[in-house]
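Pasted below: coords-v3.cif, mmCIF, C-alpha atoms and all ligand atoms.
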data_protein
#
loop_
_atom_site.group_PDB
_atom_site.id
_atom_site.type_symbol
_atom_site.label_atom_id
_atom_site.label_comp_id
_atom_site.auth_asym_id
_atom_site.auth_seq_id
_atom_site.Cartn_x
_atom_site.Cartn_y
_atom_site.Cartn_z
ATOM 1 C CA MET I 17 -4.127 -20.957 35.783
ATOM 2 C CA ALA I 18 -4.456 -19.490 32.294
ATOM 3 C CA VAL I 19 -2.455 -16.387 31.537
ATOM 4 C CA THR I 20 -4.184 -12.997 31.242
ATOM 5 C CA VAL I 21 -4.193 -10.563 28.328
ATOM 6 C CA ALA I 22 -2.261 -7.983 30.366
ATOM 7 C CA THR I 23 0.490 -10.435 31.293
ATOM 8 C CA LEU I 24 0.755 -11.823 27.773
ATOM 9 C CA LEU I 25 1.081 -8.368 26.250
ATOM 10 C CA ARG I 26 3.793 -7.497 28.708
ATOM 11 C CA MET I 27 5.728 -10.700 28.032
ATOM 12 C CA ALA I 28 5.331 -10.607 24.254
ATOM 13 C CA GLY I 29 6.173 -6.896 24.128
ATOM 14 C CA LYS I 30 9.411 -7.570 25.958
ATOM 15 C CA GLU I 31 10.270 -10.505 23.713
ATOM 16 C CA LEU I 32 9.536 -8.572 20.513
ATOM 17 C CA SER I 33 11.529 -5.530 21.587
ATOM 18 C CA LYS I 34 14.663 -7.489 20.643
ATOM 19 C CA THR I 35 13.788 -7.423 16.944
ATOM 20 C CA SER I 36 10.865 -5.088 16.287
ATOM 21 C CA PRO I 37 10.779 -1.273 16.354
ATOM 22 C CA THR I 38 7.142 -1.432 17.523
ATOM 23 C CA PRO I 39 6.996 -4.340 20.008
ATOM 24 C CA ARG I 40 3.970 -3.357 22.084
ATOM 25 C CA LEU I 41 1.871 -2.431 19.051
ATOM 26 C CA ASP I 42 2.819 -5.684 17.317
ATOM 27 C CA ALA I 43 1.842 -7.716 20.378
ATOM 28 C CA GLU I 44 -1.518 -5.936 20.617
ATOM 29 C CA ILE I 45 -2.346 -6.393 16.940
ATOM 30 C CA LEU I 46 -1.410 -10.076 17.025
ATOM 31 C CA LEU I 47 -3.335 -10.765 20.221
ATOM 32 C CA ALA I 48 -6.418 -8.911 19.000
ATOM 33 C CA HIS I 49 -6.196 -10.983 15.813
ATOM 34 C CA VAL I 50 -6.012 -14.276 17.740
ATOM 35 C CA LEU I 51 -8.947 -13.277 19.961
ATOM 36 C CA ASN I 52 -10.822 -11.835 16.985
ATOM 37 C CA VAL I 53 -11.594 -8.604 18.852
ATOM 38 C CA PRO I 54 -10.743 -4.928 18.232
ATOM 39 C CA ARG I 55 -7.524 -3.774 19.897
ATOM 40 C CA SER I 56 -9.468 -1.544 22.316
ATOM 41 C CA HIS I 57 -10.976 -4.712 23.773
ATOM 42 C CA LEU I 58 -7.554 -5.679 25.170
ATOM 43 C CA TYR I 59 -7.608 -2.551 27.327
ATOM 44 C CA ALA I 60 -11.229 -2.987 28.337
ATOM 45 C CA ARG I 61 -10.643 -6.588 29.449
ATOM 46 C CA PRO I 62 -6.991 -6.898 30.524
ATOM 47 C CA GLU I 63 -7.883 -9.672 33.001
ATOM 48 C CA GLN I 64 -9.342 -11.904 30.265
ATOM 49 C CA ARG I 65 -7.643 -15.320 30.145
ATOM 50 C CA LEU I 66 -6.668 -17.272 27.032
ATOM 51 C CA ASP I 67 -7.456 -20.932 26.448
ATOM 52 C CA GLY I 68 -4.725 -23.327 25.297
ATOM 53 C CA ASP I 69 -5.441 -23.119 21.554
ATOM 54 C CA LYS I 70 -5.455 -19.341 21.487
ATOM 55 C CA LEU I 71 -2.335 -19.174 23.578
ATOM 56 C CA ARG I 72 -0.552 -21.561 21.201
ATOM 57 C CA HIS I 73 -1.697 -19.549 18.193
ATOM 58 C CA PHE I 74 -0.477 -16.294 19.740
ATOM 59 C CA THR I 75 2.861 -17.867 20.682
ATOM 60 C CA LEU I 76 3.427 -19.075 17.103
ATOM 61 C CA LEU I 77 2.626 -15.629 15.688
ATOM 62 C CA THR I 78 4.926 -13.944 18.199
ATOM 63 C CA ILE I 79 7.778 -16.282 17.264
ATOM 64 C CA ALA I 80 7.234 -15.586 13.548
ATOM 65 C CA ARG I 81 7.215 -11.846 14.244
ATOM 66 C CA GLN I 82 10.373 -12.197 16.261
ATOM 67 C CA LYS I 83 11.990 -13.730 13.188
ATOM 68 C CA GLY I 84 11.018 -10.605 11.264
ATOM 69 C CA ARG I 85 7.820 -11.611 9.441
ATOM 70 C CA PRO I 86 5.660 -8.480 9.014
ATOM 71 C CA VAL I 87 2.635 -8.195 11.292
ATOM 72 C CA ALA I 88 0.394 -7.533 8.274
ATOM 73 C CA TYR I 89 1.364 -10.863 6.711
ATOM 74 C CA LEU I 90 0.740 -12.652 10.011
ATOM 75 C CA THR I 91 -2.751 -11.236 10.422
ATOM 76 C CA GLY I 92 -3.369 -11.060 6.669
ATOM 77 C CA ARG I 93 -4.699 -7.518 7.021
ATOM 78 C CA ARG I 94 -3.629 -3.883 6.961
ATOM 79 C CA ASP I 95 -5.694 -0.721 7.347
ATOM 80 C CA PHE I 96 -5.488 1.825 4.548
ATOM 81 C CA TRP I 97 -7.762 4.822 3.995
ATOM 82 C CA ALA I 98 -10.298 3.585 6.568
ATOM 83 C CA MET I 99 -10.506 0.219 4.804
ATOM 84 C CA SER I 100 -9.305 -3.049 6.277
ATOM 85 C CA LEU I 101 -7.498 -4.689 3.367
ATOM 86 C CA LYS I 102 -6.486 -8.275 2.915
ATOM 87 C CA VAL I 103 -2.762 -8.568 2.179
ATOM 88 C CA THR I 104 -0.627 -11.599 1.377
ATOM 89 C CA SER I 105 3.040 -12.047 0.581
ATOM 90 C CA ALA I 106 2.039 -11.573 -3.089
ATOM 91 C CA THR I 107 1.372 -7.887 -2.398
ATOM 92 C CA LEU I 108 3.208 -4.989 -0.836
ATOM 93 C CA ILE I 109 1.891 -3.927 2.541
ATOM 94 C CA PRO I 110 0.121 -0.595 1.971
ATOM 95 C CA ARG I 111 2.071 2.327 3.501
ATOM 96 C CA PRO I 112 0.703 5.466 5.153
ATOM 97 C CA GLU I 113 2.637 7.657 2.677
ATOM 98 C CA THR I 114 0.631 6.158 -0.171
ATOM 99 C CA GLU I 115 -2.437 7.836 1.337
ATOM 100 C CA LEU I 116 -0.779 11.054 0.238
ATOM 101 C CA LEU I 117 -1.015 9.870 -3.359
ATOM 102 C CA VAL I 118 -4.724 9.170 -2.850
ATOM 103 C CA GLU I 119 -5.296 12.586 -1.247
ATOM 104 C CA GLU I 120 -3.547 14.385 -4.071
ATOM 105 C CA ALA I 121 -5.375 12.386 -6.740
ATOM 106 C CA LEU I 122 -8.698 13.270 -5.095
ATOM 107 C CA ARG I 123 -7.788 16.950 -5.294
ATOM 108 C CA CYS I 124 -7.565 16.522 -9.083
ATOM 109 C CA ILE I 125 -10.810 14.541 -9.472
ATOM 110 C CA PRO I 126 -14.094 16.408 -8.846
ATOM 111 C CA VAL I 127 -16.501 14.613 -6.488
ATOM 112 C CA GLU I 128 -19.295 14.129 -9.001
ATOM 113 C CA SER I 129 -17.043 13.335 -11.972
ATOM 114 C CA ARG I 130 -17.620 10.245 -14.079
ATOM 115 C CA TRP I 131 -14.061 9.895 -15.187
ATOM 116 C CA TYR I 132 -12.077 6.889 -16.239
ATOM 117 C CA LEU I 133 -9.058 6.464 -13.967
ATOM 118 C CA ALA I 134 -6.168 4.011 -13.991
ATOM 119 C CA ASP I 135 -4.056 2.590 -11.152
ATOM 120 C CA LEU I 136 -0.958 0.811 -12.458
ATOM 121 C CA GLY I 137 0.590 -1.930 -10.319
ATOM 122 C CA THR I 138 -2.337 -1.997 -7.934
ATOM 123 C CA GLY I 139 -1.057 -4.760 -5.616
ATOM 124 C CA SER I 140 -3.665 -5.267 -2.903
ATOM 125 C CA GLY I 141 -5.815 -2.661 -4.678
ATOM 126 C CA ALA I 142 -5.278 -0.030 -1.970
ATOM 127 C CA ILE I 143 -5.148 3.060 -4.202
ATOM 128 C CA ALA I 144 -7.784 1.941 -6.714
ATOM 129 C CA LEU I 145 -10.238 0.974 -3.973
ATOM 130 C CA ALA I 146 -9.745 4.208 -2.030
ATOM 131 C CA LEU I 147 -10.412 6.210 -5.220
ATOM 132 C CA ALA I 148 -13.427 4.025 -5.998
ATOM 133 C CA ILE I 149 -14.951 4.701 -2.585
ATOM 134 C CA GLU I 150 -14.294 8.445 -2.689
ATOM 135 C CA ARG I 151 -15.353 8.886 -6.346
ATOM 136 C CA PRO I 152 -18.229 6.426 -6.737
ATOM 137 C CA HIS I 153 -19.165 7.667 -10.238
ATOM 138 C CA CYS I 154 -15.679 7.132 -11.643
ATOM 139 C CA ILE I 155 -14.602 3.857 -13.186
ATOM 140 C CA ILE I 156 -11.164 2.722 -12.158
ATOM 141 C CA THR I 157 -9.035 0.288 -14.124
ATOM 142 C CA ALA I 158 -6.419 -1.381 -11.936
ATOM 143 C CA THR I 159 -3.601 -3.330 -13.548
ATOM 144 C CA ASP I 160 -0.941 -5.590 -12.106
ATOM 145 C CA ILE I 161 1.547 -8.005 -13.610
ATOM 146 C CA SER I 162 0.916 -10.453 -10.773
ATOM 147 C CA GLU I 163 -2.210 -12.589 -11.023
ATOM 148 C CA ALA I 164 -1.758 -13.524 -7.347
ATOM 149 C CA ALA I 165 -1.823 -9.838 -6.366
ATOM 150 C CA LEU I 166 -4.916 -9.252 -8.517
ATOM 151 C CA ASP I 167 -6.690 -12.115 -6.733
ATOM 152 C CA VAL I 168 -6.080 -10.279 -3.457
ATOM 153 C CA ALA I 169 -7.243 -6.966 -4.939
ATOM 154 C CA ARG I 170 -10.404 -8.553 -6.367
ATOM 155 C CA ASP I 171 -11.083 -10.162 -3.024
ATOM 156 C CA ASN I 172 -10.769 -6.767 -1.320
ATOM 157 C CA ALA I 173 -13.144 -5.139 -3.810
ATOM 158 C CA HIS I 174 -15.650 -7.923 -3.246
ATOM 159 C CA THR I 175 -15.466 -7.780 0.558
ATOM 160 C CA LEU I 176 -15.831 -4.006 0.544
ATOM 161 C CA GLY I 177 -18.731 -4.158 -1.937
ATOM 162 C CA ILE I 178 -16.856 -1.960 -4.419
ATOM 163 C CA ARG I 179 -18.060 -2.411 -7.995
ATOM 164 C CA ASN I 180 -16.534 0.497 -9.931
ATOM 165 C CA VAL I 181 -13.086 -1.062 -10.326
ATOM 166 C CA GLU I 182 -12.009 -3.479 -13.042
ATOM 167 C CA PHE I 183 -8.846 -5.539 -12.596
ATOM 168 C CA LEU I 184 -6.642 -6.438 -15.556
ATOM 169 C CA GLN I 185 -3.487 -8.523 -15.620
ATOM 170 C CA GLY I 186 -0.413 -7.151 -17.370
ATOM 171 C CA GLU I 187 2.576 -4.863 -16.997
ATOM 172 C CA TRP I 188 1.744 -1.157 -16.598
ATOM 173 C CA PHE I 189 -0.269 -0.081 -19.669
ATOM 174 C CA ALA I 190 -0.122 -3.440 -21.492
ATOM 175 C CA PRO I 191 -3.713 -4.451 -20.665
ATOM 176 C CA VAL I 192 -5.221 -1.050 -21.588
ATOM 177 C CA SER I 193 -3.883 -0.532 -25.102
ATOM 178 C CA GLY I 194 -5.880 2.062 -27.033
ATOM 179 C CA ARG I 195 -7.608 3.368 -23.894
ATOM 180 C CA ARG I 196 -7.383 6.827 -22.351
ATOM 181 C CA PHE I 197 -7.928 8.042 -18.806
ATOM 182 C CA ALA I 198 -8.525 11.400 -17.156
ATOM 183 C CA ALA I 199 -6.049 10.532 -14.416
ATOM 184 C CA ILE I 200 -3.425 7.836 -14.039
ATOM 185 C CA VAL I 201 -1.941 6.989 -10.646
ATOM 186 C CA SER I 202 0.786 4.576 -9.671
ATOM 187 C CA ASN I 203 2.888 3.504 -6.744
ATOM 188 C CA PRO I 204 5.415 1.549 -8.810
ATOM 189 C CA PRO I 205 8.537 -0.186 -7.545
ATOM 190 C CA TYR I 206 11.152 2.540 -7.058
ATOM 191 C CA VAL I 207 13.806 1.260 -4.662
ATOM 192 C CA PRO I 208 17.272 0.905 -6.269
ATOM 193 C CA ASP I 209 18.188 -2.793 -6.719
ATOM 194 C CA GLU I 210 21.152 -2.636 -4.341
ATOM 195 C CA ASP I 211 19.580 -0.364 -1.719
ATOM 196 C CA PRO I 212 20.719 -1.593 1.745
ATOM 197 C CA HIS I 213 17.242 -0.693 3.041
ATOM 198 C CA LEU I 214 16.071 -3.944 1.377
ATOM 199 C CA LEU I 215 18.098 -6.011 3.829
ATOM 200 C CA SER I 216 16.274 -5.122 7.022
ATOM 201 C CA GLY I 217 12.769 -4.884 8.388
ATOM 202 C CA ASP I 218 9.484 -5.814 6.747
ATOM 203 C CA VAL I 219 10.665 -5.199 3.151
ATOM 204 C CA ARG I 220 12.742 -8.413 3.317
ATOM 205 C CA PHE I 221 9.467 -10.354 3.179
ATOM 206 C CA GLU I 222 7.719 -8.296 0.506
ATOM 207 C CA PRO I 223 7.725 -9.226 -3.207
ATOM 208 C CA ARG I 224 11.009 -7.940 -4.667
ATOM 209 C CA ARG I 225 9.308 -7.275 -8.012
ATOM 210 C CA ALA I 226 6.981 -4.796 -6.296
ATOM 211 C CA LEU I 227 9.848 -2.944 -4.607
ATOM 212 C CA THR I 228 12.884 -2.626 -6.860
ATOM 213 C CA GLY I 229 13.141 -0.604 -10.040
ATOM 214 C CA GLY I 230 16.589 -1.215 -11.524
ATOM 215 C CA PRO I 231 19.988 0.270 -10.621
ATOM 216 C CA ASP I 232 18.614 3.749 -9.841
ATOM 217 C CA GLY I 233 15.094 2.573 -8.975
ATOM 218 C CA LEU I 234 13.553 4.696 -11.688
ATOM 219 C CA ALA I 235 13.097 2.192 -14.543
ATOM 220 C CA PRO I 236 9.347 1.643 -13.992
ATOM 221 C CA ILE I 237 8.707 5.378 -13.500
ATOM 222 C CA ARG I 238 10.557 6.076 -16.773
ATOM 223 C CA LYS I 239 8.407 3.543 -18.630
ATOM 224 C CA ILE I 240 5.186 4.876 -17.160
ATOM 225 C CA ALA I 241 6.073 8.537 -17.767
ATOM 226 C CA LEU I 242 6.978 7.838 -21.397
ATOM 227 C CA ARG I 243 3.812 5.865 -22.185
ATOM 228 C CA ALA I 244 1.380 7.938 -20.124
ATOM 229 C CA SER I 245 0.757 10.593 -22.786
ATOM 230 C CA VAL I 246 -0.694 7.901 -25.082
ATOM 231 C CA HIS I 247 -3.196 6.980 -22.374
ATOM 232 C CA LEU I 248 -4.157 10.374 -20.984
ATOM 233 C CA GLU I 249 -7.024 12.477 -22.207
ATOM 234 C CA ALA I 250 -6.115 16.092 -23.053
ATOM 235 C CA GLY I 251 -5.357 17.858 -19.773
ATOM 236 C CA GLY I 252 -5.156 14.548 -17.908
ATOM 237 C CA VAL I 253 -2.926 14.104 -14.862
ATOM 238 C CA LEU I 254 -0.303 11.559 -13.942
ATOM 239 C CA LEU I 255 0.491 11.074 -10.239
ATOM 240 C CA LEU I 256 3.430 8.952 -9.136
ATOM 241 C CA GLU I 257 4.745 7.885 -5.761
ATOM 242 C CA HIS I 258 8.547 7.695 -5.624
ATOM 243 C CA GLY I 259 11.534 7.442 -3.310
ATOM 244 C CA TYR I 260 12.370 10.143 -0.767
ATOM 245 C CA ASP I 261 15.302 11.424 -2.852
ATOM 246 C CA GLN I 262 13.848 10.993 -6.350
ATOM 247 C CA GLY I 263 11.596 14.080 -6.575
ATOM 248 C CA GLU I 264 13.897 16.158 -8.711
ATOM 249 C CA ARG I 265 14.685 13.320 -11.125
ATOM 250 C CA VAL I 266 10.990 12.446 -11.484
ATOM 251 C CA ARG I 267 10.146 16.101 -12.220
ATOM 252 C CA THR I 268 12.849 16.125 -14.917
ATOM 253 C CA LEU I 269 11.498 12.881 -16.378
ATOM 254 C CA LEU I 270 7.962 14.234 -16.532
ATOM 255 C CA SER I 271 9.186 17.453 -18.054
ATOM 256 C CA SER I 272 11.101 15.638 -20.826
ATOM 257 C CA ALA I 273 8.014 13.501 -21.459
ATOM 258 C CA GLY I 274 6.060 16.704 -22.223
ATOM 259 C CA PHE I 275 4.192 17.209 -18.950
ATOM 260 C CA THR I 276 3.450 20.654 -17.520
ATOM 261 C CA ASP I 277 2.277 21.977 -14.118
ATOM 262 C CA ILE I 278 4.735 19.541 -12.538
ATOM 263 C CA ARG I 279 5.092 19.588 -8.778
ATOM 264 C CA SER I 280 6.032 17.331 -5.884
ATOM 265 C CA ILE I 281 4.333 16.872 -2.532
ATOM 266 C CA ARG I 282 6.073 16.092 0.720
ATOM 267 C CA ASP I 283 5.097 13.298 3.103
ATOM 268 C CA LEU I 284 4.850 13.557 6.880
ATOM 269 C CA ALA I 285 8.584 12.925 7.158
ATOM 270 C CA ASP I 286 9.055 16.004 4.925
ATOM 271 C CA HIS I 287 10.359 13.975 1.960
ATOM 272 C CA GLU I 288 9.167 14.628 -1.563
ATOM 273 C CA ARG I 289 7.068 11.515 -2.078
ATOM 274 C CA VAL I 290 4.515 12.171 -4.825
ATOM 275 C CA THR I 291 5.035 14.000 -8.106
ATOM 276 C CA LEU I 292 2.308 14.952 -10.538
ATOM 277 C CA GLY I 293 2.029 16.590 -13.917
ATOM 278 C CA ARG I 294 -0.562 17.446 -16.515
ATOM 279 C CA PHE I 295 -0.445 16.434 -20.167
ATOM 280 C CA GLY I 296 -1.677 18.693 -22.951
ATOM 281 C CA ASP I 297 -4.129 21.605 -22.780
HETATM 282 N N1 LIG N 301 8.130 2.955 0.203
HETATM 283 C C1 LIG N 301 8.527 1.594 0.084
HETATM 284 C C2 LIG N 301 9.830 1.358 0.810
HETATM 285 O O1 LIG N 301 10.665 2.205 0.845
HETATM 286 C C3 LIG N 301 8.667 1.163 -1.344
HETATM 287 C C4 LIG N 301 7.375 1.060 -2.028
HETATM 288 C C5 LIG N 301 7.542 0.984 -3.496
HETATM 289 O O2 LIG N 301 8.572 0.586 -4.021
HETATM 290 N N2 LIG N 301 6.548 1.388 -4.193
HETATM 291 O O3 LIG N 301 9.999 0.302 1.361
#
Once more with this new file: its structure as structure tokens, please.
Amino acid sequence: MAVTVATLLRMAGKELSKTSPTPRLDAEILLAHVLNVPRSHLYARPEQRLDGDKLRHFTLLTIARQKGRPVAYLTGRRDFWAMSLKVTSATLIPRPETELLVEEALRCIPVESRWYLADLGTGSGAIALALAIERPHCIITATDISEAALDVARDNAHTLGIRNVEFLQGEWFAPVSGRRFAAIVSNPPYVPDEDPHLLSGDVRFEPRRALTGGPDGLAPIRKIALRASVHLEAGGVLLLEHGYDQGERVRTLLSSAGFTDIRSIRDLADHERVTLGRFGD
């Protein structure tokens, strides 16, 4: 008597509730992944039964999740901006709040523009690829220090058939010396090195280099803000994601770096999460 989808979800959900804040959702995503069906299928066919191999696979994933491994690393995928992106432990898992950065960048970039844009520290390519889809005439340069992350980003571009992004290896602006952009975006590491938040949940499994930014978290943002003027066209914009309590300090940084029209945007949790400024003109 093979076990049904409905029973499995109930059992796994209960098991995962000991360690996960989203047990039922996790169980559904993992089971849909094992069965290679959309999640809605689990509700349409709750009486479906699993064969031995699939059951074993699901059990292994559930155990790994119970030990804390992020669901996105177990399935190798995460949705962002209506794209299904490949993610590995070489990349951060794209966050919903980063869609705010994309939204705000799109407000600054006219639909038909043929601008050159840069995404620094692209990781899985989430921001660069979203901009590339929404602004098909723009050319986006995405940099990352991690070759392993760039492999994932390139893979995502290829799978999605996106051709207006180039990927370059190097830290922040290093691979684009002498080049200027109409807009520069970045979701850099910004968590303070000793932040207790790093000790629990999914972040424990994410690349530390992509998360932490020195004692106050702001070292990468400082570097980017200081160098950005050299790489922005006159009137160009810089948009940065940052920590929930860093808005004021990022505004001050941008202001001392010569930016104007500086403002911050709040995320759904009502935290200042993205700050932007204009350079020159
Ligand atoms: N928002 C993420 C977190 O708090 C950090 C992402 C980042 O450092 N860019 O876990």
Open item on the list: Selection in question (the file shown): the PyMOL selection byres (((not hetatm)) within 6 of (chain N and resi 301)). Which residues does it include, as a PyMOL selection string?
Closed with: chain I and resi 203-207+219+227
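If you measure from each of I:Arg94, I:Arg81, I:Arg179, I:Lys70 to Pro39 in chain I using only C-alpha atoms, the closest one turns out to be I:Arg81.
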Open item on the list: So that I can see what lies close to Leu292 in chain I, please list as a list in words the residues with an atom at most 6 Å from it, counting all atoms listed in the file and leaving out residues fewer than 3 positions away in the same chain.
Closed with: Leu254, Leu255, Ile278 and Arg279 of chain I
Task: Nearest candidate to Phe221 in chain I (options I:Val181, I:Ala106, I:Ile45, I:Val19; using all atoms listed in the file) - done: I:Ala106
Give me the result of the PyMOL selection byres (((chain I and resi 104) around 8) and not hetatm) on this file, residue by residue, as a CSV table (one decimal) with C-alpha atoms, in the frame of the given file.
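What follows is the written file expr_6.csv:
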chain,number,residue,atom,x,y,z
I,89,TYR,CA,1.4,-10.9,6.7
I,92,GLY,CA,-3.4,-11.1,6.7
I,102,LYS,CA,-6.5,-8.3,2.9
I,103,VAL,CA,-2.8,-8.6,2.2
I,105,SER,CA,3.0,-12.0,0.6
I,106,ALA,CA,2.0,-11.6,-3.1
I,107,THR,CA,1.4,-7.9,-2.4
I,108,LEU,CA,3.2,-5.0,-0.8
I,168,VAL,CA,-6.1,-10.3,-3.5
Open item on the list: Counting all atoms listed in the file, which residue out of I:Ala18, I:Leu147, I:Leu25, I:Ala226 sits closest to Pro208 in chain I?
Closed with: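 Closest to Pro208 in chain I of all the choices is I:Ala226.
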TODO: Report the distance between CA of Leu122 in chain I and CA of Val246 in chain I in Å, rounded to one decimal place.
DONE: 22.2 Å
Open item on the list: Since I can't run it myself right now, could you work out what the PyMOL selection byres (((chain I and resi 56-66) around 9) and not hetatm) selects here and report it as a PyMOL selection string?
Closed with: chain I and resi 17-23+44+47-48+51+53-55+67-71
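Counting only C-alpha atoms and comparing I:Arg238, I:His73, I:Arg243, I:Arg130, the residue that lies closest to Cys154 in chain I is I:Arg130.
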TODO: Take CA of Glu264 in chain I and CA of Arg225 in chain I and report the distance between them in Å, one decimal.
DONE: 23.9 Å
Open item on the list: Taking (18.2, -1.0, -9.5) in the coordinates of the supplied file, I want to know which residues reach to within 12 Å of it, counting only C-alpha atoms; could you give the answer as a list in words?
Closed with: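 Output of the proximity query reads Pro205, Tyr206, Val207, Pro208, Asp209, Glu210, Asp211, Pro212, Leu214, Arg224, Arg225, Leu227, Thr228, Gly229, Gly230, Pro231, Asp232, Gly233, Leu234, Ala235 and Pro236 of chain I.
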Task: Selected residue, from I:Gly217, I:Gly29, I:Pro191, I:Gly293, that lies nearest to Ala241 in chain I when counting all atoms listed in the file - done: I:Gly293
Task: Two-atom distance - CA of Asp297 in chain I, CA of Arg195 in chain I (Å) - done: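 One can read the CA of Asp297 in chain I to CA of Arg195 in chain I distance as 18.6 Å.
Nearest-residue note for Ser36 in chain I: choosing from I:Glu182, I:Asp277, I:Glu257, I:Asp218, the minimum distance belongs to I:Asp218, counting all atoms listed in the file.
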Box for range 222-240 of chain I - axis-aligned, 5 Å on each of the six sides, all listed atoms - centre and size in Å to one decimal, as AutoDock Vina command-line options.
--center_x 12.6 --center_y -1.6 --center_z -9.1 --size_x 24.8 --size_y 25.3 --size_z 29.1
- [ ] For His258 in chain I, please output as a list in words all residues within 7 Å (counting only C-alpha atoms; exclusion window: fewer than 4 positions along the same chain).
- [x] Tyr206, Gln262, Arg289 and Val290 of chain I
Could those selected residues go to a file with C-alpha atoms, as a PDB file, in the coordinates of the input?
ATOM      1  CA  TYR I 206      11.152   2.540  -7.058  1.00  0.00           C
ATOM      2  CA  GLN I 262      13.848  10.993  -6.350  1.00  0.00           C
ATOM      3  CA  ARG I 289       7.068  11.515  -2.078  1.00  0.00           C
ATOM      4  CA  VAL I 290       4.515  12.171  -4.825  1.00  0.00           C
TER       5      VAL I 290
END
Task: Close residues, Ser202 in chain I itself excluded, 8 Å, all atoms listed in the file, min 3 positions apart in chain, as an MDAnalysis selection string - done: chainID I and resid 135:138 255:257
- [ ] Quick one: everything within 10 Å of Cys124 in chain I, counting all atoms listed in the file, minus sequence neighbours fewer than 2 positions away in the same chain. Send it as a list of chain:residue names.
- [x] I:Glu119, I:Glu120, I:Ala121, I:Leu122, I:Pro126, I:Val127, I:Ala198, I:Ala199, I:Gly252, I:Val253, I:Leu255
